[in-house]
$ cat data-v8.cif   # mmCIF, C-alpha atoms
data_entry
#
loop_
_atom_site.label_atom_id
_atom_site.label_comp_id
_atom_site.auth_asym_id
_atom_site.auth_seq_id
_atom_site.Cartn_x
_atom_site.Cartn_y
_atom_site.Cartn_z
CA MET A 1 75.62 -8.26 -98.21
CA ARG A 2 74.38 -5.47 -100.43
CA VAL A 3 73.65 -3.35 -97.36
CA LEU A 4 77.18 -3.90 -96.07
CA ARG A 5 78.65 -2.96 -99.43
CA VAL A 6 76.59 0.22 -99.61
CA GLY A 7 77.60 1.06 -96.03
CA ALA A 8 81.30 0.56 -96.80
CA VAL A 9 81.09 2.72 -99.94
CA ALA A 10 79.26 5.42 -97.95
CA CYS A 11 82.00 5.36 -95.27
CA VAL A 12 84.76 5.68 -97.88
CA LEU A 13 82.91 8.55 -99.60
CA ALA A 14 82.38 10.31 -96.25
CA LEU A 15 86.08 10.04 -95.39
CA LEU A 16 86.98 11.32 -98.85
CA GLY A 17 84.62 14.27 -98.37
CA LEU A 18 86.24 15.01 -95.01
CA LEU A 19 89.70 14.98 -96.62
CA VAL A 20 88.59 17.35 -99.40
CA TRP A 21 86.95 19.67 -96.84
CA ASP A 22 90.11 19.70 -94.73
CA LEU A 23 92.31 20.49 -97.73
CA ALA A 24 89.95 23.24 -98.86
CA HIS A 25 89.94 24.85 -95.41
CA GLN A 26 93.67 24.84 -94.77
CA SER A 27 94.89 28.37 -94.14
CA GLY A 28 98.14 27.99 -96.08
CA PRO A 29 101.42 29.44 -94.92
CA GLY A 30 99.85 32.59 -93.44
CA VAL A 31 100.53 36.22 -94.25
CA ALA A 32 103.99 36.24 -92.63
CA VAL A 33 105.57 34.25 -95.47
CA LYS A 34 104.06 36.54 -98.13
CA VAL A 35 105.02 39.71 -96.26
CA ASP A 36 108.57 38.41 -95.87
CA LYS A 37 108.68 38.15 -99.68
CA GLY A 38 107.79 41.86 -99.87
CA LYS A 39 104.11 41.39 -100.66
CA ILE A 40 101.26 43.46 -99.24
CA VAL A 41 98.55 41.17 -97.94
CA ARG A 42 95.05 41.68 -96.55
CA ALA A 43 95.22 41.42 -92.74
CA PRO A 44 93.48 38.32 -91.36
CA ALA A 45 90.56 38.99 -89.07
CA LEU A 46 91.28 39.50 -85.38
CA ASN A 47 88.31 39.65 -83.06
CA LEU A 48 89.35 38.69 -79.55
CA PRO A 49 88.48 39.42 -75.93
CA ARG A 50 90.47 42.15 -74.22
CA LEU A 51 93.14 40.95 -71.81
CA THR A 52 92.14 43.59 -69.30
CA GLY A 53 88.64 44.94 -69.14
CA HIS A 54 85.56 43.58 -70.81
CA GLY A 55 84.39 43.00 -74.33
CA LYS A 56 86.11 42.15 -77.55
CA LEU A 57 88.26 44.17 -79.88
CA SER A 58 88.25 43.71 -83.61
CA LEU A 59 91.10 44.71 -85.88
CA ALA A 60 88.46 45.84 -88.38
CA SER A 61 87.32 48.50 -85.87
CA LEU A 62 90.76 50.11 -86.19
CA ARG A 63 90.48 50.56 -89.97
CA GLY A 64 91.77 53.97 -90.99
CA LYS A 65 94.69 53.72 -88.58
CA VAL A 66 98.11 52.13 -88.81
CA VAL A 67 98.14 49.22 -86.38
CA VAL A 68 101.26 47.63 -84.93
CA VAL A 69 100.24 44.06 -84.10
CA ASN A 70 102.56 42.44 -81.58
CA PHE A 71 102.18 38.76 -80.64
CA TRP A 72 103.63 37.86 -77.24
CA GLN A 73 103.58 35.53 -74.20
CA SER A 74 104.43 36.38 -70.62
CA SER A 75 106.87 33.46 -70.32
CA CYS A 76 108.81 34.39 -73.46
CA TYR A 77 112.23 35.89 -72.79
CA PRO A 78 112.66 37.93 -76.03
CA CYS A 79 109.14 39.33 -75.39
CA LYS A 80 110.37 40.64 -72.06
CA LEU A 81 113.45 42.09 -73.72
CA GLU A 82 111.41 44.08 -76.24
CA ALA A 83 108.45 44.92 -73.96
CA ARG A 84 109.72 48.26 -72.67
CA ASP A 85 110.80 49.40 -76.16
CA VAL A 86 107.42 48.46 -77.65
CA ALA A 87 105.61 50.23 -74.79
CA ALA A 88 107.80 53.32 -75.20
CA ALA A 89 107.24 53.34 -78.97
CA SER A 90 103.48 53.12 -78.45
CA ARG A 91 103.53 56.12 -76.11
CA ALA A 92 105.78 58.15 -78.41
CA TRP A 93 103.63 57.46 -81.47
CA ALA A 94 100.41 58.14 -79.56
CA ALA A 95 101.76 61.60 -78.74
CA LYS A 96 103.02 62.16 -82.30
CA ASN A 97 100.30 60.70 -84.49
CA ARG A 98 96.82 59.65 -83.37
CA ASN A 99 96.48 57.50 -86.46
CA VAL A 100 99.03 55.02 -85.15
CA VAL A 101 97.90 52.46 -82.58
CA PHE A 102 99.47 49.38 -81.03
CA LEU A 103 97.65 46.11 -80.47
CA GLY A 104 99.14 43.32 -78.36
CA VAL A 105 97.98 39.75 -78.95
CA ASN A 106 98.67 37.59 -75.93
CA ALA A 107 98.48 33.95 -76.95
CA GLN A 108 98.56 30.60 -75.15
CA ASP A 109 99.10 32.19 -71.79
CA LEU A 110 97.64 32.27 -68.30
CA THR A 111 95.66 35.44 -67.65
CA GLY A 112 97.32 36.11 -64.27
CA PRO A 113 100.94 36.21 -65.50
CA ALA A 114 99.84 37.99 -68.71
CA ARG A 115 98.17 40.81 -66.76
CA ALA A 116 101.15 41.01 -64.41
CA TYR A 117 103.44 41.31 -67.46
CA VAL A 118 101.40 44.21 -68.84
CA ARG A 119 101.60 46.04 -65.49
CA HIS A 120 105.28 45.24 -64.96
CA TYR A 121 106.44 46.54 -68.36
CA GLY A 122 104.15 49.59 -68.35
CA VAL A 123 102.18 48.48 -71.39
CA THR A 124 99.40 51.00 -71.91
CA TYR A 125 98.13 49.98 -75.35
CA VAL A 126 95.25 47.56 -75.83
CA ASN A 127 95.97 43.85 -75.54
CA VAL A 128 93.70 41.04 -76.60
CA ARG A 129 93.79 37.43 -75.55
CA ASP A 130 94.03 34.51 -77.95
CA ALA A 131 93.86 31.67 -75.41
CA LEU A 132 94.66 28.82 -77.81
CA GLY A 133 96.70 30.70 -80.39
CA SER A 134 93.98 30.15 -82.98
CA THR A 135 94.97 33.28 -84.91
CA TRP A 136 98.55 32.13 -85.40
CA PRO A 137 98.08 29.95 -88.53
CA LYS A 138 96.40 32.70 -90.58
CA TRP A 139 98.97 35.28 -89.57
CA GLY A 140 101.76 32.75 -90.03
CA VAL A 141 103.10 33.26 -86.53
CA THR A 142 105.57 30.52 -85.66
CA GLY A 143 106.78 31.82 -82.31
CA VAL A 144 106.81 34.87 -80.12
CA PRO A 145 107.43 37.72 -80.27
CA GLU A 146 106.39 38.63 -83.80
CA THR A 147 105.34 42.07 -84.99
CA PHE A 148 103.28 43.06 -88.02
CA PHE A 149 102.35 46.44 -89.45
CA VAL A 150 98.83 46.97 -90.79
CA ASP A 151 98.26 50.03 -92.97
CA ARG A 152 95.19 52.29 -92.92
CA ARG A 153 93.43 50.17 -95.54
CA GLY A 154 93.75 47.00 -93.49
CA ASN A 155 96.71 45.47 -95.34
CA VAL A 156 99.77 43.93 -93.74
CA VAL A 157 102.86 45.60 -95.15
CA PRO A 158 106.53 44.65 -94.83
CA PRO A 159 108.56 44.43 -92.69
CA HIS A 160 107.46 41.58 -90.45
CA ILE A 161 109.65 41.36 -87.38
CA THR A 162 110.40 37.95 -85.88
CA GLY A 163 112.02 37.92 -82.48
CA GLN A 164 112.89 40.90 -80.35
CA ALA A 165 111.90 44.15 -82.10
CA SER A 166 114.08 47.22 -81.68
CA ARG A 167 112.74 50.74 -81.47
CA GLN A 168 114.31 51.54 -84.86
CA GLN A 169 112.62 48.56 -86.52
CA ILE A 170 109.26 49.55 -85.07
CA ASP A 171 109.60 53.17 -86.18
CA ALA A 172 110.67 52.09 -89.67
CA GLY A 173 107.73 49.71 -89.93
CA ILE A 174 105.27 52.39 -88.88
CA ARG A 175 106.70 54.89 -91.38
CA ARG A 176 106.40 52.30 -94.15
CA ALA A 177 102.78 51.56 -93.18
CA LEU A 178 101.94 55.28 -93.04
CA ALA A 179 103.37 55.72 -96.53
CA SER A 180 101.48 52.71 -97.94
CA MET B 1 103.28 29.26 -20.88
CA LYS B 2 105.75 27.54 -23.21
CA LEU B 3 102.99 25.26 -24.39
CA VAL B 4 100.73 28.20 -25.24
CA VAL B 5 103.51 29.93 -27.17
CA ALA B 6 104.28 26.73 -29.07
CA ALA B 7 100.61 26.26 -29.92
CA LEU B 8 100.31 29.86 -31.11
CA ALA B 9 103.49 29.51 -33.19
CA ALA B 10 102.14 26.32 -34.72
CA LEU B 11 98.90 28.09 -35.62
CA VAL B 12 100.75 31.00 -37.20
CA LEU B 13 103.18 28.79 -39.10
CA ALA B 14 100.61 26.27 -40.23
CA SER B 15 100.10 26.51 -43.98
CA PRO B 16 96.73 27.87 -45.08
CA ALA B 17 96.23 24.65 -47.09
CA ALA B 18 96.25 22.66 -43.87
CA ALA B 19 93.21 24.63 -42.78
CA CYS B 20 91.27 23.69 -45.90
CA LYS B 21 88.28 21.41 -45.46
CA GLN B 22 88.66 20.34 -49.06
CA GLN B 23 91.34 21.10 -51.57
CA GLY B 24 92.42 19.97 -54.99
CA SER B 25 95.06 17.37 -55.68
CA GLN B 26 98.08 18.51 -57.68
CA ALA B 27 98.75 14.98 -59.00
CA TYR B 28 95.14 14.45 -60.10
CA LEU B 29 94.87 17.85 -61.77
CA GLU B 30 98.12 17.34 -63.66
CA THR B 31 96.58 14.29 -65.33
CA ARG B 32 93.28 16.05 -66.08
CA LEU B 33 94.74 19.18 -67.63
CA VAL B 34 96.74 19.64 -70.81
CA CYS B 35 99.59 22.02 -71.51
CA ILE B 36 98.10 24.28 -74.19
CA GLN B 37 101.46 24.86 -75.85
CA CYS B 38 102.81 21.29 -75.91
CA HIS B 39 99.49 19.37 -76.06
CA THR B 40 100.42 16.74 -73.47
CA THR B 41 99.06 16.30 -69.98
CA LEU B 42 100.83 18.44 -67.43
CA ASP B 43 102.32 15.45 -65.62
CA GLU B 44 104.13 14.51 -68.83
CA SER B 45 105.54 17.93 -69.59
CA ASP B 46 108.24 20.10 -68.09
CA SER B 47 108.00 22.90 -70.64
CA THR B 48 108.07 26.46 -69.33
CA PHE B 49 104.36 26.87 -69.88
CA ALA B 50 103.50 23.51 -68.29
CA VAL B 51 105.50 24.56 -65.23
CA GLU B 52 103.57 27.84 -65.16
CA MET B 53 100.29 25.94 -65.28
CA LYS B 54 101.49 23.63 -62.48
CA ASN B 55 102.43 26.67 -60.41
CA GLU B 56 99.01 28.16 -61.02
CA ILE B 57 97.38 24.91 -59.87
CA ALA B 58 99.56 24.90 -56.74
CA ARG B 59 98.61 28.51 -56.06
CA GLN B 60 94.91 27.71 -56.34
CA ILE B 61 95.31 24.65 -54.11
CA ARG B 62 96.89 26.89 -51.47
CA LEU B 63 93.74 29.01 -51.73
CA CYS B 64 91.71 25.91 -50.74
CA ARG B 65 90.16 25.52 -54.20
CA THR B 66 88.78 22.10 -55.04
CA ASN B 67 89.61 20.01 -58.12
CA SER B 68 86.42 21.04 -59.89
CA GLN B 69 86.93 24.72 -59.07
CA ILE B 70 90.47 24.65 -60.43
CA ILE B 71 89.38 22.76 -63.56
CA ASP B 72 86.57 25.28 -64.06
CA SER B 73 88.99 28.18 -63.78
CA MET B 74 91.28 26.62 -66.41
CA VAL B 75 88.33 25.89 -68.72
CA ALA B 76 87.22 29.52 -68.26
CA GLN B 77 90.66 30.65 -69.44
CA PHE B 78 91.33 28.18 -72.26
CA GLY B 79 88.06 26.47 -73.05
CA PRO B 80 87.47 22.68 -73.05
CA ALA B 81 90.70 22.17 -75.04
CA VAL B 82 92.58 22.33 -71.74
CA LEU B 83 90.95 19.09 -70.56
CA SER B 84 92.77 15.81 -71.16
CA THR B 85 89.47 13.96 -71.60
CA PRO B 86 86.44 15.30 -73.46
CA GLN B 87 83.48 16.55 -71.44
CA THR B 88 80.44 14.30 -71.06
CA HIS B 89 77.99 16.90 -72.34
CA GLY B 90 77.49 19.10 -75.38
CA PHE B 91 79.47 18.53 -78.55
CA ASP B 92 82.22 16.66 -76.67
CA LEU B 93 79.74 13.90 -75.89
CA ILE B 94 80.29 12.69 -79.46
CA ALA B 95 83.81 11.63 -78.47
CA TRP B 96 82.31 9.20 -75.94
CA VAL B 97 79.30 8.11 -77.96
CA LEU B 98 81.07 7.56 -81.28
CA PRO B 99 83.40 4.70 -80.20
CA ILE B 100 80.57 2.91 -78.37
CA GLY B 101 78.30 3.46 -81.39
CA GLY B 102 81.10 2.20 -83.64
CA ILE B 103 81.49 -0.96 -81.58
CA LEU B 104 77.72 -1.57 -81.67
CA VAL B 105 77.57 -1.00 -85.44
CA ALA B 106 80.57 -3.30 -85.96
CA ALA B 107 78.94 -5.98 -83.78
CA ALA B 108 75.67 -5.65 -85.70
CA ALA B 109 77.54 -5.85 -89.02
CA LEU B 110 79.39 -8.97 -87.83
CA ALA B 111 76.17 -10.60 -86.63
CA PHE B 112 74.46 -9.74 -89.91
CA GLY B 113 77.40 -11.05 -91.93
CA ALA B 114 77.60 -14.27 -89.90
CA ARG B 115 73.87 -14.84 -90.30
CA THR B 116 73.99 -14.21 -94.05
CA TRP B 117 76.99 -16.52 -94.41
CA SER B 118 75.41 -19.34 -92.37
CA ARG B 119 72.16 -19.04 -94.36
CA ALA B 120 74.06 -19.20 -97.63
CA ARG B 121 75.85 -22.30 -96.36
CA GLU B 122 72.57 -23.95 -95.29
CA SER B 123 70.97 -23.32 -98.66
CA SER B 124 74.00 -24.72 -100.51
CA ASN B 125 73.83 -27.82 -98.29
CA SER B 126 70.13 -28.21 -99.00
CA LEU B 127 70.89 -27.89 -102.72
CA LEU B 128 73.36 -30.74 -102.38
CA LEU B 129 70.74 -32.85 -100.62
CA ASP B 130 68.22 -32.11 -103.33
CA ASP B 131 70.74 -33.27 -105.91
CA ARG B 132 69.76 -36.89 -105.21
CA LEU B 133 68.86 -38.75 -108.36
CA THR B 134 65.24 -39.13 -109.28
CA ALA B 135 63.85 -42.56 -110.03
CA GLU B 136 63.94 -41.79 -113.74
CA ASP B 137 67.61 -40.75 -113.58
CA GLU B 138 68.47 -43.85 -111.58
CA ARG B 139 66.82 -46.01 -114.16
CA ARG B 140 68.79 -44.28 -116.95
CA VAL B 141 72.08 -44.62 -115.06
CA ASP B 142 71.38 -48.32 -114.50
CA GLU B 143 70.67 -48.74 -118.21
CA GLU B 144 73.88 -46.98 -119.19
CA LEU B 145 75.94 -49.03 -116.74
CA ALA B 146 74.32 -52.22 -118.00
CA ARG B 147 75.75 -51.52 -121.43
CA PHE B 148 79.28 -51.70 -120.05
CA GLU B 149 78.77 -54.99 -118.29
#
$ encode --input "data-v8.cif" --output "structure tokens"
Amino acid sequence: MRVLRVGAVACVLALLGLLVWDLAHQSGPGVAVKVDKGKIVRAPALNLPRLTGHGKLSLASLRGKVVVVNFWQSSCYPCKLEARDVAAASRAWAAKNRNVVFLGVNAQDLTGPARAYVRHYGVTYVNVRDALGSTWPKWGVTGVPETFFVDRRGNVVPPHITGQASRQQIDAGIRRALAS
Amino acid sequence: MKLVVAALAALVLASPAAACKQQGSQAYLETRLVCIQCHTTLDESDSTFAVEMKNEIARQIRLCRTNSQIIDSMVAQFGPAVLSTPQTHGFDLIAWVLPIGGILVAAAALAFGARTWSRARESSNSLLLDDRLTAEDERRVDEELARFE
């Protein structure tokens, strides 16, 4: 009987420990909520395999540059609507300022349609693949498309664009990040 | 001549899948794979992404890929999370072992509890049996009762 009692207490303690661990490791609302309140937040880590080509790309490797981070899926209609504008903005800024780069994050998508999307919309900037959308909670992404602006020091600065981004919004976001 | 033309036409028109020695089953694969966005098996989902995954399965079936080849290609893209049942090796093995282990532990605990309980009952019974009066006590009881007579 004593053994059973000890076992039951151990089980309860283990479950309690698991609960505490889970609460301690929750990522919270993500940076999107804070950025929407006008705050400047440290950019969560991004280290993902490239959608086309080999190897991984880390956001940290782009430190010193303003990075436009665009989350998208090939089946998402607003993503398709903004794709050409985002691609055009990336080309225009690449010609204007080498310290501005674009980074696409393709999430929860099939590689075939995702690669076809990139070709179809003339996307020339680097895209990485987040197969399960594991980066979404830390960034606070709730749907696609969403666009963030990371300044040269690796901080996410307002604005944060949810839904289809216009060329004007993208340009304004980049200017704000450059000035940060 | 007509027969030859018909045979040639049939060969040309025959779907590539018909020429497959082995090919995957759409119905089977839809129960084995999970829609990554909606977290249900593909056969239970009609979301845009589930439909895309179903189309991809159909495309691979047309290419004469087998069930295991198609499953492997999906696992290569999404990892084991795309499977509706955990794998039987590596870390996923825990998902299979844990319930069986739990049942065994529960059975052992029940057996142990039942044994402890039956032993406790036996010893209480034996205590009752040992509660018989000794000769001395019987003599004293008889004496006490004799006073009332």
$ closest_residue --input "data-v8.cif" --among "A:Val150, A:Leu132, A:Leu19, A:Val9" --to "B:Cys38" --atoms "all atoms listed in the file"
A:Leu132
$ residues_around --input "data-v8.cif" --residues "B:Gly24" --least-positions-apart "3" --cutoff "12 Å" --atoms "all atoms listed in the file" --output "VMD selection string"
chain B and resid 17 20 to 21 27 to 30 32 57 to 71
$ interface_residues --input "data-v8.cif" --of "chain A" --to "chain B" --cutoff "12 Å" --atoms "only C-alpha atoms" --output "number ranges by chain"
A: 1-5, 7-8, 49, 51, 73-77, 107-114, 129-134, 143
$ atom_distance --input "data-v8.cif" --atom1 "atom CA of A:Thr142" --atom2 "atom CA of A:Ala94"
28.8 Å
$ atom_distance --input "data-v8.cif" --atom1 "atom CA of A:Thr124" --atom2 "atom CA of A:Ile170"
16.5 Å
$ atom_distance --input "data-v8.cif" --atom1 "atom CA of B:Ala120" --atom2 "atom CA of B:Leu133"
22.9 Å
$ resolve_selection --input "data-v8.cif" --expression "the PyMOL selection byres ((chain A and resi 70) around 6)" --output "PyMOL selection string"
chain A and resi 69+71+104-105+146-147
$ resolve_selection --input "data-v8.cif" --expression "the PyMOL selection byres ((chain A and resi 30) around 9)" --output "list in words"
Ser27, Gly28, Pro29, Val31, Ala32, Val33, Lys34, Pro44, Trp136, Pro137, Lys138, Trp139, Gly140 and Val141 of chain A
$ residues_around --input "data-v8.cif" --residues "A:Val126" --least-positions-apart "5" --cutoff "12 Å" --atoms "only C-alpha atoms" --output "ChimeraX atom specification"
/A:48-59,62,67-70,87,90-91,101-106,115,118
$ residues_around --input "data-v8.cif" --residues "A:Gly38" --least-positions-apart "5" --cutoff "8 Å" --atoms "all atoms listed in the file" --output "PyMOL selection string"
chain A and resi 157-159
$ axis_aligned_box --input "data-v8.cif" --around "stretch 79-90 of chain A" --padding-each-side "5 Å" --output "lines of an AutoDock Vina configuration file"
center_x = 108.5
center_y = 46.3
center_z = -75.5
size_x = 20.0
size_y = 24.0
size_z = 16.9
